[in-house]
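Structure file protein.csv; described as CSV, C-alpha atoms.
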chain,number,residue,atom,x,y,z
A,1,MET,CA,30.0,-48.4,2.1
A,2,ILE,CA,32.7,-48.2,4.6
A,3,LYS,CA,35.5,-45.8,5.3
A,4,LEU,CA,38.4,-47.6,7.0
A,5,ASN,CA,41.2,-46.0,9.0
A,6,THR,CA,43.9,-47.5,6.7
A,7,THR,CA,46.8,-46.3,8.9
A,8,ARG,CA,45.5,-48.5,11.7
A,9,THR,CA,44.4,-51.5,9.6
A,10,GLY,CA,47.5,-51.8,7.4
A,11,ILE,CA,45.4,-52.5,4.3
A,12,LYS,CA,47.7,-52.4,1.3
A,13,SER,CA,45.2,-53.0,-1.5
A,14,THR,CA,44.6,-50.1,-3.9
A,15,SER,CA,42.8,-52.1,-6.6
A,16,LEU,CA,39.0,-52.6,-6.8
A,17,TYR,CA,39.7,-55.9,-8.5
A,18,GLU,CA,41.6,-57.3,-5.4
A,19,THR,CA,39.6,-58.4,-2.4
A,20,ILE,CA,40.7,-57.5,1.1
A,21,THR,CA,38.7,-60.3,2.6
A,22,ASP,CA,37.8,-63.2,0.4
A,23,ASN,CA,34.4,-65.0,-0.1
A,24,PHE,CA,35.1,-67.1,3.0
A,25,GLY,CA,35.9,-64.0,5.2
A,26,ASP,CA,39.6,-65.0,5.3
A,27,LYS,CA,42.7,-63.2,4.0
A,28,PHE,CA,42.5,-60.3,6.5
A,29,PRO,CA,41.7,-61.6,10.0
A,30,GLN,CA,41.1,-58.1,11.5
A,31,LEU,CA,37.9,-57.9,9.4
A,32,TYR,CA,36.7,-61.5,9.9
A,33,GLY,CA,32.9,-61.6,9.6
A,34,THR,CA,33.0,-59.5,6.4
A,35,ARG,CA,33.5,-61.0,2.9
A,36,ASN,CA,34.6,-59.7,-0.4
A,37,MET,CA,35.8,-56.3,1.0
A,38,ARG,CA,37.2,-54.2,-1.8
A,39,VAL,CA,38.6,-50.7,-2.4
A,40,VAL,CA,36.2,-48.3,-4.1
A,41,LEU,CA,38.4,-45.2,-3.5
A,42,HIS,CA,41.6,-46.1,-1.7
A,43,GLY,CA,41.8,-44.6,1.8
A,44,VAL,CA,38.3,-43.3,1.6
A,45,VAL,CA,35.6,-45.8,0.6
A,46,TYR,CA,35.5,-49.6,0.7
A,47,ARG,CA,32.6,-52.0,0.1
A,48,GLY,CA,31.9,-55.6,1.2
A,49,GLY,CA,29.3,-58.0,2.5
A,50,ALA,CA,28.6,-60.3,5.4
A,51,ASN,CA,30.3,-63.6,5.9
A,52,ASN,CA,27.4,-65.7,7.1
A,53,VAL,CA,27.3,-68.9,5.0
A,54,TYR,CA,31.0,-69.6,5.4
A,55,ASN,CA,31.4,-68.3,8.9
A,56,LYS,CA,33.4,-70.6,11.1
A,57,PHE,CA,31.6,-69.7,14.3
A,58,ASN,CA,28.0,-68.8,13.4
A,59,LYS,CA,26.7,-70.0,10.1
A,60,ARG,CA,23.5,-68.5,8.7
A,61,ASP,CA,22.0,-67.4,5.4
A,62,ASN,CA,23.7,-64.6,3.6
A,63,LYS,CA,20.4,-62.7,3.5
A,64,ASN,CA,21.2,-61.6,7.0
A,65,PRO,CA,23.1,-58.5,8.1
A,66,LEU,CA,26.7,-58.7,9.3
A,67,PRO,CA,27.2,-61.3,12.0
A,68,GLU,CA,27.9,-59.8,15.5
A,69,GLN,CA,31.5,-60.8,15.2
A,70,GLY,CA,31.8,-59.1,11.8
A,71,LEU,CA,30.2,-55.9,13.2
A,72,GLU,CA,32.5,-55.9,16.2
A,73,ASN,CA,35.7,-56.4,14.0
A,74,LEU,CA,34.5,-53.8,11.6
A,75,LEU,CA,34.0,-51.2,14.3
A,76,LYS,CA,37.6,-51.8,15.5
A,77,GLU,CA,38.9,-50.8,12.1
A,78,VAL,CA,36.6,-48.1,10.7
A,79,SER,CA,36.4,-44.4,11.1
A,80,THR,CA,32.9,-44.2,9.5
A,81,ALA,CA,30.5,-46.9,8.4
A,82,ILE,CA,27.3,-46.5,6.3
A,83,TYR,CA,25.4,-49.8,6.4
A,84,LEU,CA,23.1,-50.0,3.4
A,85,TYR,CA,21.2,-53.2,4.3
A,86,ASN,CA,17.7,-53.3,5.8
A,87,ASN,CA,16.7,-56.9,5.5
A,88,GLN,CA,16.4,-58.5,9.0
A,89,LEU,CA,18.3,-55.5,10.5
A,90,GLN,CA,15.8,-55.5,13.4
A,91,ASP,CA,17.2,-58.9,14.5
A,92,SER,CA,20.8,-57.8,14.5
A,93,LYS,CA,22.9,-56.2,17.3
A,94,LYS,CA,23.1,-52.4,17.0
A,95,SER,CA,26.5,-50.8,17.5
A,96,TYR,CA,27.6,-47.3,16.4
A,97,GLY,CA,31.0,-45.7,16.0
A,98,PRO,CA,34.5,-47.0,16.3
A,99,ARG,CA,35.8,-48.2,19.6

Would you mind giving the structure from this file in structure tokens?
Amino acid sequence: MIKLNTTRTGIKSTSLYETITDNFGDKFPQLYGTRNMRVVLHGVVYRGGANNVYNKFNKRDNKNPLPEQGLENLLKEVSTAIYLYNNQLQDSKKSYGPR
């Protein structure tokens, strides 16, 4: 789950049925590297996954954590992130906190 700083990102979606980034990681370029980002509780909690299979720059299996680019983009936009994924996490870059 992710808490985004919506005043900085400009996310307008308030519906859990509408994606912020689509399955290909497009639709909201500031969060490229993520996919299917959605509102859980507007302005507080959002959820999404990693854009690996359709990634334009570094394709890999979706069983991997966020690609480095996705993590970097996410850290530019979030105030708090809780990453609930432990498969192959030891092979991914570790970054903490917004920049």

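Proximity to Glu18 in chain A was assessed for A:Val39, A:Ala50, A:Val44, A:Leu84 counting all atoms listed in the file; the smallest distance is recorded for A:Val39.
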
*Just give me the residues with any atom within 6 Å of (33.4, -58.8, 4.9), file coordinates, counting only C-alpha atoms, written as JSON, numbers by chain.*
{"A": [21, 25, 33, 34, 35, 36, 37, 48, 49, 50, 51]}

*Mind listing as a PyMOL selection string all residues within 10 Å of (43.6, -44.7, -3.0), counting only C-alpha atoms?*
chain A and resi 12-16+39-45

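The shortest atom-to-atom distance to Gly70 in chain A, with all atoms listed in the file taken into account, belongs to A:Tyr32 out of A:Arg47, A:Tyr32, A:Asn52, A:Asn58.
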
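Put simply, CA of Val53 in chain A is 11.6 Å away from CA of Pro65 in chain A.
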